[in-house]
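Asks: Quick one, my_file.cif (mmCIF, C-alpha atoms):
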```
data_target
#
loop_
_atom_site.group_PDB
_atom_site.id
_atom_site.type_symbol
_atom_site.label_atom_id
_atom_site.label_comp_id
_atom_site.auth_asym_id
_atom_site.auth_seq_id
_atom_site.Cartn_x
_atom_site.Cartn_y
_atom_site.Cartn_z
ATOM 1 C CA MET S 1 -129.107 143.278 -42.130
ATOM 2 C CA ASN S 2 -130.950 141.871 -45.154
ATOM 3 C CA PRO S 3 -134.322 140.278 -44.331
ATOM 4 C CA TYR S 4 -134.473 137.352 -46.793
ATOM 5 C CA TYR S 5 -133.500 133.747 -46.238
ATOM 6 C CA ILE S 6 -133.703 130.428 -48.087
ATOM 7 C CA TYR S 7 -135.215 127.434 -46.346
ATOM 8 C CA ALA S 8 -135.891 123.763 -46.952
ATOM 9 C CA LEU S 9 -138.803 121.702 -45.694
ATOM 10 C CA LYS S 10 -137.564 118.161 -45.058
ATOM 11 C CA ASP S 11 -139.280 114.829 -44.611
ATOM 12 C CA PRO S 12 -137.931 113.229 -41.382
ATOM 13 C CA ARG S 13 -139.244 109.755 -42.259
ATOM 14 C CA GLY S 14 -135.983 108.901 -44.036
ATOM 15 C CA SER S 15 -132.395 109.150 -42.900
ATOM 16 C CA PRO S 16 -131.120 111.651 -43.640
ATOM 17 C CA ALA S 17 -134.241 113.805 -43.799
ATOM 18 C CA GLN S 18 -134.799 114.606 -47.480
ATOM 19 C CA PRO S 19 -135.853 118.057 -48.701
ATOM 20 C CA PHE S 20 -139.184 118.186 -50.460
ATOM 21 C CA TYR S 21 -139.624 121.961 -50.764
ATOM 22 C CA ILE S 22 -137.250 124.917 -51.169
ATOM 23 C CA GLY S 23 -138.439 128.478 -50.608
ATOM 24 C CA LYS S 24 -137.424 132.033 -49.872
ATOM 25 C CA GLY S 25 -138.941 134.042 -47.107
ATOM 26 C CA THR S 26 -138.822 136.678 -44.427
ATOM 27 C CA GLY S 27 -140.076 136.514 -40.864
ATOM 28 C CA ASN S 28 -141.953 133.286 -40.097
ATOM 29 C CA ARG S 29 -142.595 132.270 -43.717
ATOM 30 C CA ALA S 30 -140.679 128.980 -43.463
ATOM 31 C CA TRP S 31 -142.904 127.750 -40.618
ATOM 32 C CA GLU S 32 -146.248 128.960 -41.970
ATOM 33 C CA HIS S 33 -146.537 125.983 -44.347
ATOM 34 C CA THR S 34 -147.051 123.568 -41.456
ATOM 35 C CA ILE S 35 -149.597 125.823 -39.753
ATOM 36 C CA LYS S 36 -151.722 126.590 -42.827
ATOM 37 C CA VAL S 37 -151.529 123.323 -44.750
ATOM 38 C CA ASP S 38 -152.902 123.676 -48.284
ATOM 39 C CA GLN S 39 -153.893 121.107 -50.923
ATOM 40 C CA THR S 40 -150.780 121.451 -53.094
ATOM 41 C CA LEU S 41 -148.249 118.615 -53.434
ATOM 42 C CA LYS S 42 -146.269 120.329 -50.670
ATOM 43 C CA GLY S 43 -149.343 120.489 -48.426
ATOM 44 C CA LYS S 44 -150.200 116.846 -49.067
ATOM 45 C CA ARG S 45 -146.647 115.803 -48.131
ATOM 46 C CA ILE S 46 -146.864 117.865 -44.925
ATOM 47 C CA SER S 47 -150.204 116.205 -44.073
ATOM 48 C CA GLN S 48 -148.721 112.729 -44.669
ATOM 49 C CA ILE S 49 -145.736 113.489 -42.441
ATOM 50 C CA GLN S 50 -147.981 114.826 -39.666
ATOM 51 C CA HIS S 51 -150.425 111.904 -40.057
ATOM 52 C CA ASP S 52 -147.490 109.519 -39.528
ATOM 53 C CA GLY S 53 -146.752 111.263 -36.212
ATOM 54 C CA HIS S 54 -143.732 113.274 -37.318
ATOM 55 C CA ALA S 55 -142.951 116.970 -37.597
ATOM 56 C CA VAL S 56 -141.616 118.562 -40.761
ATOM 57 C CA VAL S 57 -137.970 119.582 -40.377
ATOM 58 C CA THR S 58 -137.539 123.237 -41.342
ATOM 59 C CA THR S 59 -133.948 124.213 -42.105
ATOM 60 C CA ILE S 60 -132.660 127.688 -42.874
ATOM 61 C CA LEU S 61 -130.080 127.168 -45.623
ATOM 62 C CA ALA S 62 -128.906 130.780 -45.990
ATOM 63 C CA ASN S 63 -129.910 134.056 -44.370
ATOM 64 C CA ASP S 64 -129.057 137.754 -44.432
ATOM 65 C CA LEU S 65 -129.830 137.850 -48.159
ATOM 66 C CA THR S 66 -131.181 140.575 -50.394
ATOM 67 C CA GLU S 67 -134.284 139.638 -52.373
ATOM 68 C CA VAL S 68 -132.235 139.288 -55.561
ATOM 69 C CA GLN S 69 -129.710 137.014 -53.829
ATOM 70 C CA ALA S 70 -132.540 134.934 -52.361
ATOM 71 C CA LEU S 71 -134.280 134.576 -55.721
ATOM 72 C CA LYS S 72 -131.075 133.473 -57.434
ATOM 73 C CA LEU S 73 -130.224 130.935 -54.745
ATOM 74 C CA GLU S 74 -133.784 129.606 -54.628
ATOM 75 C CA ALA S 75 -133.785 129.125 -58.410
ATOM 76 C CA GLU S 76 -130.408 127.365 -58.325
ATOM 77 C CA LEU S 77 -131.459 124.991 -55.539
ATOM 78 C CA ILE S 78 -134.778 124.149 -57.194
ATOM 79 C CA SER S 79 -132.889 123.538 -60.418
ATOM 80 C CA ALA S 80 -130.350 121.315 -58.670
ATOM 81 C CA PHE S 81 -132.922 119.144 -56.864
ATOM 82 C CA GLY S 82 -135.529 119.328 -59.630
ATOM 83 C CA THR S 83 -139.289 119.272 -59.244
ATOM 84 C CA ILE S 84 -141.363 116.097 -59.168
ATOM 85 C CA SER S 85 -143.039 117.181 -62.412
ATOM 86 C CA ASN S 86 -139.603 117.163 -64.074
ATOM 87 C CA GLY S 87 -138.232 113.979 -62.473
ATOM 88 C CA GLY S 88 -136.735 115.609 -59.342
ATOM 89 C CA ILE S 89 -137.626 115.387 -55.648
ATOM 90 C CA LEU S 90 -139.179 118.788 -54.835
ATOM 91 C CA THR S 91 -142.891 119.536 -54.580
ATOM 92 C CA ASN S 92 -142.330 123.137 -55.712
ATOM 93 C CA THR S 93 -144.787 124.095 -58.435
ATOM 94 C CA VAL S 94 -142.792 126.560 -60.478
ATOM 95 C CA SER S 95 -143.847 124.948 -63.753
ATOM 96 C CA PRO S 96 -147.366 125.557 -65.068
ATOM 97 C CA SER S 97 -149.586 122.658 -64.103
ATOM 98 C CA GLY S 98 -151.493 120.696 -66.690
ATOM 99 C CA GLN S 99 -149.647 122.141 -69.663
ATOM 100 C CA THR S 100 -148.116 119.753 -72.147
ATOM 101 C CA GLN S 101 -145.279 121.300 -74.061
ATOM 102 C CA LYS S 102 -144.211 120.168 -77.529
ATOM 103 C CA PHE S 103 -140.651 120.962 -78.483
ATOM 104 C CA ARG S 104 -138.515 120.362 -81.515
ATOM 105 C CA LYS S 105 -137.061 116.876 -81.332
ATOM 106 C CA ASP S 106 -133.521 118.258 -81.438
ATOM 107 C CA LEU S 107 -134.102 121.015 -78.849
ATOM 108 C CA VAL S 108 -131.823 120.613 -75.822
ATOM 109 C CA ILE S 109 -133.367 121.969 -72.615
ATOM 110 C CA PRO S 110 -130.725 122.330 -69.882
ATOM 111 C CA SER S 111 -131.640 120.860 -66.516
ATOM 112 C CA GLY S 112 -133.285 123.456 -64.277
ATOM 113 C CA SER S 113 -133.891 126.003 -67.025
ATOM 114 C CA VAL S 114 -137.680 125.509 -66.951
ATOM 115 C CA GLU S 115 -137.765 126.090 -63.186
ATOM 116 C CA LYS S 116 -135.641 129.240 -63.465
ATOM 117 C CA ALA S 117 -137.849 130.618 -66.243
ATOM 118 C CA GLN S 118 -141.025 129.955 -64.269
ATOM 119 C CA ILE S 119 -139.635 131.665 -61.159
ATOM 120 C CA ALA S 120 -138.691 134.682 -63.290
ATOM 121 C CA LEU S 121 -142.131 134.678 -64.923
ATOM 122 C CA GLU S 122 -143.842 134.724 -61.514
ATOM 123 C CA LEU S 123 -141.738 137.748 -60.539
ATOM 124 C CA LEU S 124 -142.586 139.558 -63.790
ATOM 125 C CA LYS S 125 -146.308 138.863 -63.368
ATOM 126 C CA ALA S 126 -146.206 140.098 -59.749
ATOM 127 C CA THR S 127 -144.429 143.284 -60.848
ATOM 128 C CA VAL S 128 -146.936 144.013 -63.632
ATOM 129 C CA MET S 129 -149.763 143.406 -61.131
ATOM 130 C CA GLU S 130 -148.195 145.897 -58.704
ATOM 131 C CA LEU S 131 -147.973 148.461 -61.506
ATOM 132 C CA ALA S 132 -151.629 147.903 -62.417
ATOM 133 C CA GLN S 133 -152.756 148.059 -58.782
ATOM 134 C CA ALA S 134 -150.867 151.335 -58.307
ATOM 135 C CA ASN S 135 -152.706 152.781 -61.327
ATOM 136 C CA PRO S 136 -156.434 152.056 -60.821
ATOM 137 C CA GLU S 137 -157.305 153.818 -64.109
ATOM 138 C CA GLY S 138 -155.415 151.019 -65.879
ATOM 139 C CA ILE S 139 -152.157 150.548 -67.751
ATOM 140 C CA THR S 140 -151.414 149.945 -71.398
ATOM 141 C CA ASN S 141 -148.987 147.396 -72.739
ATOM 142 C CA SER S 142 -146.706 150.292 -73.623
ATOM 143 C CA ASP S 143 -146.913 151.596 -70.030
ATOM 144 C CA ALA S 144 -145.809 148.215 -68.681
ATOM 145 C CA SER S 145 -142.973 147.713 -71.139
ATOM 146 C CA LYS S 146 -141.553 151.231 -70.786
ATOM 147 C CA ALA S 147 -141.992 151.628 -67.014
ATOM 148 C CA LEU S 148 -140.456 148.233 -66.234
ATOM 149 C CA GLY S 149 -137.677 148.316 -68.832
ATOM 150 C CA LEU S 150 -139.109 145.388 -70.827
ATOM 151 C CA GLN S 151 -139.069 147.077 -74.230
ATOM 152 C CA SER S 152 -136.764 145.800 -76.941
ATOM 153 C CA ASP S 153 -135.490 147.618 -80.012
ATOM 154 C CA TYR S 154 -134.576 144.454 -81.881
ATOM 155 C CA LEU S 155 -134.412 145.193 -85.644
ATOM 156 C CA GLY S 156 -135.485 148.787 -84.981
ATOM 157 C CA GLY S 157 -138.739 150.053 -83.560
ATOM 158 C CA SER S 158 -140.157 149.214 -80.186
ATOM 159 C CA LYS S 159 -141.144 145.653 -79.442
ATOM 160 C CA ASP S 160 -143.416 145.106 -76.458
ATOM 161 C CA TYR S 161 -144.001 141.381 -76.871
ATOM 162 C CA LEU S 162 -142.771 140.333 -73.436
ATOM 163 C CA SER S 163 -145.079 142.682 -71.537
ATOM 164 C CA TRP S 164 -147.932 141.769 -73.906
ATOM 165 C CA SER S 165 -147.410 138.088 -73.055
ATOM 166 C CA ILE S 166 -147.367 138.840 -69.323
ATOM 167 C CA LEU S 167 -150.596 140.860 -69.570
ATOM 168 C CA GLY S 168 -152.153 137.997 -71.535
ATOM 169 C CA LEU S 169 -151.180 135.464 -68.885
ATOM 170 C CA LEU S 170 -152.610 137.678 -66.120
ATOM 171 C CA MET S 171 -155.883 138.041 -68.045
ATOM 172 C CA LYS S 172 -156.026 134.264 -68.565
ATOM 173 C CA GLU S 173 -155.583 133.847 -64.790
ATOM 174 C CA GLY S 174 -158.433 136.326 -64.174
ATOM 175 C CA LYS S 175 -156.173 138.820 -62.399
ATOM 176 C CA MET S 176 -156.565 141.544 -65.034
ATOM 177 C CA VAL S 177 -159.176 142.699 -67.529
ATOM 178 C CA ARG S 178 -158.833 144.853 -70.615
ATOM 179 C CA GLY S 179 -161.148 147.843 -70.734
ATOM 180 C CA ASP S 180 -162.600 149.781 -73.627
ATOM 181 C CA SER S 181 -159.736 152.284 -73.499
ATOM 182 C CA ARG S 182 -157.171 149.522 -74.233
ATOM 183 C CA LYS S 183 -156.037 149.807 -70.630
ATOM 184 C CA HIS S 184 -155.605 146.767 -68.447
ATOM 185 C CA LYS S 185 -156.977 146.902 -64.924
ATOM 186 C CA ALA S 186 -156.169 144.693 -61.973
ATOM 187 C CA THR S 187 -159.127 142.659 -60.739
ATOM 188 C CA ILE S 188 -157.312 141.912 -57.471
ATOM 189 C CA LYS S 189 -156.629 144.840 -55.144
#
```
Please go through the file and, once you have read it, give me the structure as structure tokens.

Replies:
Amino acid sequence: MNPYYIYALKDPRGSPAQPFYIGKGTGNRAWEHTIKVDQTLKGKRISQIQHDGHAVVTTILANDLTEVQALKLEAELISAFGTISNGGILTNTVSPSGQTQKFRKDLVIPSGSVEKAQIALELLKATVMELAQANPEGITNSDASKALGLQSDYLGGSKDYLSWSILGLLMKEGKMVRGDSRKHKATIK
């Protein structure tokens, strides 16, 4: 049996109860949000629901999934409902907060594509962090791109731009530092 499932947190104050968060999990993950309420949009909605004397409705939408199946379904559902930051109804925060993007005026951005990209980016960052944590002496950009299959040979030669961008984002978030030996080390164990 595969351990992953997809769940929805729903606001019971309307009829029918409307989803406000979609997630993937194992074990008790779906119910942990209402026990450890944080200060995110999701947490604030949970607090409002509880303050009004209601309980959040937790619904398992699909179970017995592999992690890849769960990630794909989660991305599709978030894309379908949309996030509040993109005009949808979900409190999921898959898009970077506080960043204003400027695009070409004629650039068409399909609905849900930003959410899918941000979910994929979070997975890539987590994977690079795992690689760095497993190698306390540090990893180079080349290590990350080759070990994780992120290297491109576009127009000949090796191009490690994707892994370089991921390392840069992790350093910006304070999760990695670059040492004198050009190796990146995880700051979080």

Asks: Restricting the calculation to only C-alpha atoms, which member of S:Val128, S:Met171, S:Ala80, S:Leu90 is positioned closest to Ser145 (chain S)?

Replies: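 Closest to Ser145 (chain S) of all the choices is S:Val128.
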
Asks: Take the PyMOL selection byres ((chain S and resi 55) around 10), apply it to the structure above, and return the hits as a ChimeraX atom specification.

Replies: /S:10-13,34,46-47,49-54,56-58

Asks: Using the chain letters and numbers from this file, what does the PyMOL selection byres ((chain S and resi 130) around 12) select? Give the answer as a list of chain:residue names.

Replies: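 That expression, the PyMOL selection byres ((chain S and resi 130) around 12), corresponds here to S:Leu123, S:Leu124, S:Lys125, S:Ala126, S:Thr127, S:Val128, S:Met129, S:Leu131, S:Ala132, S:Gln133, S:Ala134, S:Asn135, S:Pro136, S:Gly138, S:Ile139, S:Ala144, S:Ala147, S:Leu148, S:Leu170, S:Lys175, S:Met176, S:Lys185, S:Ala186, S:Thr187, S:Ile188, S:Lys189.
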
Asks: Between CA of Thr40 (chain S) and CA of Pro19 (chain S), what distance in Å does the model show, to one decimal?

Replies: 15.9 Å

Asks: Evaluate the PyMOL selection byres ((chain S and resi 116) around 12) and record the selected residues as a PDB file with C-alpha atoms, in the coordinates of the input, following the chain and residue labels used in the document.

Replies:
```pdb
ATOM      1  CA  LEU S  71    -134.280 134.576 -55.721  1.00  0.00           C
ATOM      2  CA  LYS S  72    -131.075 133.473 -57.434  1.00  0.00           C
ATOM      3  CA  LEU S  73    -130.224 130.935 -54.745  1.00  0.00           C
ATOM      4  CA  GLU S  74    -133.784 129.606 -54.628  1.00  0.00           C
ATOM      5  CA  ALA S  75    -133.785 129.125 -58.410  1.00  0.00           C
ATOM      6  CA  GLU S  76    -130.408 127.365 -58.325  1.00  0.00           C
ATOM      7  CA  LEU S  77    -131.459 124.991 -55.539  1.00  0.00           C
ATOM      8  CA  ILE S  78    -134.778 124.149 -57.194  1.00  0.00           C
ATOM      9  CA  SER S  79    -132.889 123.538 -60.418  1.00  0.00           C
ATOM     10  CA  ALA S  80    -130.350 121.315 -58.670  1.00  0.00           C
ATOM     11  CA  GLY S  82    -135.529 119.328 -59.630  1.00  0.00           C
ATOM     12  CA  THR S  83    -139.289 119.272 -59.244  1.00  0.00           C
ATOM     13  CA  ASN S  92    -142.330 123.137 -55.712  1.00  0.00           C
ATOM     14  CA  THR S  93    -144.787 124.095 -58.435  1.00  0.00           C
ATOM     15  CA  VAL S  94    -142.792 126.560 -60.478  1.00  0.00           C
ATOM     16  CA  SER S  95    -143.847 124.948 -63.753  1.00  0.00           C
ATOM     17  CA  ILE S 109    -133.367 121.969 -72.615  1.00  0.00           C
ATOM     18  CA  PRO S 110    -130.725 122.330 -69.882  1.00  0.00           C
ATOM     19  CA  SER S 111    -131.640 120.860 -66.516  1.00  0.00           C
ATOM     20  CA  GLY S 112    -133.285 123.456 -64.277  1.00  0.00           C
ATOM     21  CA  SER S 113    -133.891 126.003 -67.025  1.00  0.00           C
ATOM     22  CA  VAL S 114    -137.680 125.509 -66.951  1.00  0.00           C
ATOM     23  CA  GLU S 115    -137.765 126.090 -63.186  1.00  0.00           C
ATOM     24  CA  ALA S 117    -137.849 130.618 -66.243  1.00  0.00           C
ATOM     25  CA  GLN S 118    -141.025 129.955 -64.269  1.00  0.00           C
ATOM     26  CA  ILE S 119    -139.635 131.665 -61.159  1.00  0.00           C
ATOM     27  CA  ALA S 120    -138.691 134.682 -63.290  1.00  0.00           C
ATOM     28  CA  LEU S 121    -142.131 134.678 -64.923  1.00  0.00           C
ATOM     29  CA  GLU S 122    -143.842 134.724 -61.514  1.00  0.00           C
ATOM     30  CA  LEU S 123    -141.738 137.748 -60.539  1.00  0.00           C
TER      31      LEU S 123
END
```

Asks: Add whatever atoms are absent from region 31-61 of chain S to reach N, CA and C atoms, and provide the output as a CSV table (one decimal), in the frame of the given file.

Replies:
```csv
chain,number,residue,atom,x,y,z
S,31,TRP,N,-142.1,128.6,-41.5
S,31,TRP,CA,-142.9,127.8,-40.6
S,31,TRP,C,-144.4,127.8,-40.9
S,32,GLU,N,-144.8,128.8,-41.7
S,32,GLU,CA,-146.2,129.0,-42.0
S,32,GLU,C,-146.8,127.8,-42.7
S,33,HIS,N,-146.0,127.1,-43.5
S,33,HIS,CA,-146.5,126.0,-44.3
S,33,HIS,C,-147.1,124.9,-43.5
S,34,THR,N,-146.6,124.7,-42.3
S,34,THR,CA,-147.1,123.6,-41.5
S,34,THR,C,-148.2,124.0,-40.6
S,35,ILE,N,-148.5,125.3,-40.5
S,35,ILE,CA,-149.6,125.8,-39.8
S,35,ILE,C,-150.8,125.9,-40.6
S,36,LYS,N,-150.6,126.5,-41.8
S,36,LYS,CA,-151.7,126.6,-42.8
S,36,LYS,C,-151.4,125.6,-44.0
S,37,VAL,N,-151.8,124.4,-43.8
S,37,VAL,CA,-151.5,123.3,-44.8
S,37,VAL,C,-152.5,123.4,-45.9
S,38,ASP,N,-152.0,123.5,-47.1
S,38,ASP,CA,-152.9,123.7,-48.3
S,38,ASP,C,-153.0,122.3,-49.0
S,39,GLN,N,-153.7,122.3,-50.2
S,39,GLN,CA,-153.9,121.1,-50.9
S,39,GLN,C,-152.9,120.9,-52.1
S,40,THR,N,-151.8,121.6,-52.1
S,40,THR,CA,-150.8,121.5,-53.1
S,40,THR,C,-150.0,120.2,-52.8
S,41,LEU,N,-149.1,119.8,-53.7
S,41,LEU,CA,-148.2,118.6,-53.4
S,41,LEU,C,-147.5,118.8,-52.1
S,42,LYS,N,-147.0,120.0,-51.9
S,42,LYS,CA,-146.3,120.3,-50.7
S,42,LYS,C,-147.2,120.1,-49.5
S,43,GLY,N,-148.4,120.6,-49.5
S,43,GLY,CA,-149.3,120.5,-48.4
S,43,GLY,C,-149.7,119.0,-48.2
S,44,LYS,N,-149.9,118.3,-49.2
S,44,LYS,CA,-150.2,116.8,-49.1
S,44,LYS,C,-149.0,116.1,-48.4
S,45,ARG,N,-147.8,116.4,-48.8
S,45,ARG,CA,-146.6,115.8,-48.1
S,45,ARG,C,-146.6,116.2,-46.7
S,46,ILE,N,-146.9,117.4,-46.3
S,46,ILE,CA,-146.9,117.9,-44.9
S,46,ILE,C,-147.9,117.1,-44.2
S,47,SER,N,-149.1,117.0,-44.7
S,47,SER,CA,-150.2,116.2,-44.1
S,47,SER,C,-149.8,114.8,-43.8
S,48,GLN,N,-149.2,114.1,-44.8
S,48,GLN,CA,-148.7,112.7,-44.7
S,48,GLN,C,-147.7,112.6,-43.5
S,49,ILE,N,-146.8,113.5,-43.5
S,49,ILE,CA,-145.7,113.5,-42.4
S,49,ILE,C,-146.4,113.6,-41.1
S,50,GLN,N,-147.3,114.6,-40.9
S,50,GLN,CA,-148.0,114.8,-39.7
S,50,GLN,C,-148.9,113.6,-39.3
S,51,HIS,N,-149.6,113.1,-40.3
S,51,HIS,CA,-150.4,111.9,-40.1
S,51,HIS,C,-149.6,110.7,-39.5
S,52,ASP,N,-148.4,110.6,-40.0
S,52,ASP,CA,-147.5,109.5,-39.5
S,52,ASP,C,-146.8,109.8,-38.2
S,53,GLY,N,-147.2,110.9,-37.5
S,53,GLY,CA,-146.8,111.3,-36.2
S,53,GLY,C,-145.4,112.0,-36.2
S,54,HIS,N,-145.0,112.6,-37.3
S,54,HIS,CA,-143.7,113.3,-37.3
S,54,HIS,C,-144.0,114.8,-37.5
S,55,ALA,N,-142.9,115.5,-37.3
S,55,ALA,CA,-143.0,117.0,-37.6
S,55,ALA,C,-142.0,117.3,-38.8
S,56,VAL,N,-142.4,118.1,-39.6
S,56,VAL,CA,-141.6,118.6,-40.8
S,56,VAL,C,-140.4,119.3,-40.2
S,57,VAL,N,-139.2,118.9,-40.8
S,57,VAL,CA,-138.0,119.6,-40.4
S,57,VAL,C,-137.8,120.8,-41.3
S,58,THR,N,-137.7,122.0,-40.6
S,58,THR,CA,-137.5,123.2,-41.3
S,58,THR,C,-136.1,123.7,-41.1
S,59,THR,N,-135.4,123.9,-42.2
S,59,THR,CA,-133.9,124.2,-42.1
S,59,THR,C,-133.7,125.5,-42.9
S,60,ILE,N,-133.1,126.5,-42.2
S,60,ILE,CA,-132.7,127.7,-42.9
S,60,ILE,C,-131.3,127.4,-43.5
S,61,LEU,N,-131.3,127.5,-44.9
S,61,LEU,CA,-130.1,127.2,-45.6
S,61,LEU,C,-129.1,128.4,-45.8
```
